[in-house]
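Enquirer: Here it is: the structure, laid out below.
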Amino acid sequence: DILQKHLDEIKQIQSLIKETLQTIRKIEKSTEVSSTIEYSSKIREFSKLPPKVSLPTFIPKPIDREKLCSLFGQITPLSTATEENVLSLNQPNTSVRELLDEPKLVATIQTGHENLRSVTCLNDGNIWTSGETKDIKCFNIKGSLLQTIKAKSRYWPNDIAVDINMDLLYADGTTRTVNKEKNGQTEVLIRLQGWVPGNLCVTSTGDLLVTMYSDDGTQSKVVRYSGSTEKQTIQFDDKGKPLYSGNHNTKYITENRNHDICVADFKAGAVAVVNQDGKLRWRYTGHPSVTKNKPFKPYGITTDSQSHILTADWYNHCIHILDQNGQFLCYIDNCDLKDPFGLCVDNNDNLFVCEYKKGNVKKIKYLKYR
């Protein structure tokens, strides 16, 4: 080809130059005058270099990405979410389950609480409940009162939870403590200074997440504890802005199966979700609806075996169900709910909803087996 032809010509010239240099060196060493006279210069031949070679260039055409995908397919994004392989005594049902078209009211438990706020589930199907009195009551699913514990508080517990040993925990705002009830004894698990404990969540690994607000009501944060030891504080996003509204309003908290931490921020009208490292993943501020036209103000929040997030919409008297990425899936609004407040889901994915003013806990079935 053309390129090879030019390369051959260059090699010939190089060879000629080499021969010429050898001849000149012989003349320099020779004592005979005749060899110098007979020498003929090769300058003219050396000046006849091959013409300039232009290398080929590639001229690209615009890439149609859709055609490429149709021809070769596409690769899904890499997921960096990790889950710890931890054995929990409170292992939920892991079967794949779909949402029911029509959730069903299974039972109504009349607790007798004045302004019912919180409910938490035990492994045996029983529930603990608390409202705006000192009484923390345990019921079975038939509505029978099994036990009553009086919180050592001036008013009422801000929230309740159970640890991995099924011992009762409650947050006392007046003493700024989180207390444990065990064998009839009250133990101070956490004592705060300058902050007031709000709401509680026991994680799959046994850690305790506590939402809290500053004494002056200007800051809010989430703190993770292992026993009584502080392990992590979650308060600001990557830009240094507060993740949660700074006030004393309720901020219920829960952990999802992917270890995301979900907070229902009533005052902000949002659900804020961070990963286990405290990095903001997304916010949910409600779903447009003709019938749900009052402001979205979430109270209770919980998750299920399918990583759904369920949150109580106080003003619109319903429950929002989201997927783990904050995508709205549906409402539960057909069970005659009134003023929904605290929520919890048991091992069989039954939802328990506190009705604040009525003092009832409603058990709702909203998932089905495939």
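By convention in this document, the chains of the structure tokens carry letters A, B, ... by their order, each chain's residues are numbered from 1, and ligands are numbered from 1 in the order they are shown.
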Give me, as a tab-separated table, the closest atom pair and its distance (Å, one decimal) for every residue of region 207-234 of chain A within a cut-off of 9 Å of region 245-263 of chain A, counting only C-alpha atoms, rows sorted by chain and rising number.
Expert:
```
residue	atom	partner	partner_atom	distance
A:Leu209	CA	A:Ile253	CA	7.7
A:Val210	CA	A:Ile253	CA	7.8
A:Thr211	CA	A:Lys251	CA	6.6
A:Met212	CA	A:His248	CA	8.1
A:Tyr213	CA	A:His248	CA	5.9
A:Ser214	CA	A:Asn247	CA	7.9
A:Asp215	CA	A:His248	CA	8.7
A:Asp216	CA	A:Asn247	CA	8.3
A:Gly217	CA	A:Asn247	CA	4.5
A:Thr218	CA	A:Gly246	CA	4.5
A:Gln219	CA	A:Gly246	CA	4.0
A:Ser220	CA	A:Gly246	CA	5.0
A:Lys221	CA	A:Gly246	CA	8.5
A:Val222	CA	A:Ile253	CA	8.9
```
Enquirer: Could I get the residues of region 113-173 of chain A with an atom no further than 12 Å from an atom of region 224-231 of chain A, each paired with its nearest atom pair and that distance in Å to one decimal, using only C-alpha atoms, sorted by chain and residue number, as a Markdown table?
Expert:
```
| residue | atom | partner | partner_atom | distance |
| --- | --- | --- | --- | --- |
| A:Asp163 | CA | A:Gly227 | CA | 10.2 |
| A:Ile164 | CA | A:Gly227 | CA | 11.5 |
| A:Leu169 | CA | A:Gly227 | CA | 11.8 |
```
Enquirer: Can you write just those residues out, N, CA, C and O atoms, as a short mmCIF file (atom, residue, chain, number, x, y, z; two decimals), in the first residue's frame?
Expert:
```
data_model
loop_
_atom_site.label_atom_id
_atom_site.label_comp_id
_atom_site.auth_asym_id
_atom_site.auth_seq_id
_atom_site.Cartn_x
_atom_site.Cartn_y
_atom_site.Cartn_z
N ASP A 163 -36.66 -4.00 73.59
CA ASP A 163 -35.33 -4.35 73.10
C ASP A 163 -35.32 -5.78 72.58
O ASP A 163 -36.37 -6.45 72.54
N ILE A 164 -34.15 -6.30 72.20
CA ILE A 164 -34.11 -7.63 71.59
C ILE A 164 -34.43 -8.74 72.59
O ILE A 164 -34.70 -9.87 72.21
N LEU A 169 -38.80 -0.48 77.04
CA LEU A 169 -38.06 0.78 77.16
C LEU A 169 -39.04 1.94 77.02
O LEU A 169 -40.01 1.83 76.27
#
```
Enquirer: Go through region 132-173 of chain A and flag each residue having an atom no more than 12 Å from region 96-117 of chain A; for those, report the closest pair of atoms plus their distance in Å to one decimal, using only C-alpha atoms, ordered by chain and rising number, as a Markdown table.
Expert:
```
| residue | atom | partner | partner_atom | distance |
| --- | --- | --- | --- | --- |
| A:Glu132 | CA | A:Asn115 | CA | 5.6 |
| A:Thr133 | CA | A:Glu114 | CA | 6.7 |
| A:Lys134 | CA | A:His113 | CA | 9.9 |
| A:Asp135 | CA | A:His113 | CA | 8.2 |
| A:Ile136 | CA | A:His113 | CA | 9.0 |
| A:Lys137 | CA | A:Thr111 | CA | 7.8 |
| A:Cys138 | CA | A:Thr111 | CA | 9.1 |
| A:Phe139 | CA | A:Thr111 | CA | 8.0 |
| A:Asn140 | CA | A:Ile109 | CA | 8.8 |
| A:Ile141 | CA | A:Ile109 | CA | 7.4 |
| A:Lys142 | CA | A:Ile109 | CA | 7.3 |
| A:Gly143 | CA | A:Ile109 | CA | 4.9 |
| A:Ser144 | CA | A:Ile109 | CA | 8.4 |
| A:Leu145 | CA | A:Thr111 | CA | 8.1 |
| A:Leu146 | CA | A:Thr111 | CA | 11.3 |
| A:Gln147 | CA | A:Thr111 | CA | 11.8 |
| A:Thr148 | CA | A:Thr111 | CA | 11.2 |
| A:Trp156 | CA | A:Arg117 | CA | 10.2 |
| A:Pro157 | CA | A:Arg117 | CA | 9.5 |
| A:Asn158 | CA | A:Arg117 | CA | 8.4 |
| A:Asp159 | CA | A:Arg117 | CA | 7.8 |
| A:Ile160 | CA | A:Arg117 | CA | 9.5 |
```
Enquirer: Report the residues of region 227-366 of chain A whose backbone DSSP state falls under strand (DSSP E), written as a PyMOL selection string.
Expert: chain A and resi 229-234+251-255+261-265+270-274+280-284+298-303+309-313+318-322+328-332+340-345+350-355+360-366
Enquirer: Just want the 7 Å neighbourhood of Val178 (chain A), counted on only C-alpha atoms, with same-chain residues fewer than 3 positions away dropped. Output as an MDAnalysis selection string.
Expert: chainID A and resid 169:172 188:191
Enquirer: Pick out the closest residue to Ile364 (chain A) from this set: A:Asn348, A:Asp167, A:Leu200, A:Thr205. Count only C-alpha atoms.
Expert: A:Asn348
Enquirer: Pick from A:Asp313, A:Pro288, A:Asn293, A:Thr303: nearest to Thr203 (chain A), with only C-alpha atoms counted?
Expert: A:Thr303
Enquirer: Identify which of the residues A:Thr175, A:Asn350, A:Gln4, A:Asn275 lies closest to Asp304 (chain A), counting only C-alpha atoms when measuring atom-to-atom distances.
Expert: A:Asn350
Enquirer: Would you mind reading off the distance between CA of Ser204 (chain A) and CA of Gly125 (chain A), one decimal, in Å?
Expert: 18.3 Å
Enquirer: Can you tell me how far CA of Val274 (chain A) sits from CA of Asp339 (chain A), in Å to one decimal?
Expert: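 Computing it gives 27.0 Å between the two atoms.
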Enquirer: Between A:Ala151, A:Ser41, A:Val162, A:Glu9, which is the closest to Leu21 (chain A) once you count only C-alpha atoms?
Expert: A:Ser41
Enquirer: Find the distance between CA of Gln193 (chain A) and CA of Gln235 (chain A) and write it in Å to one decimal.
Expert: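 Separation between CA of Gln193 (chain A) and CA of Gln235 (chain A): 16.9 Å.
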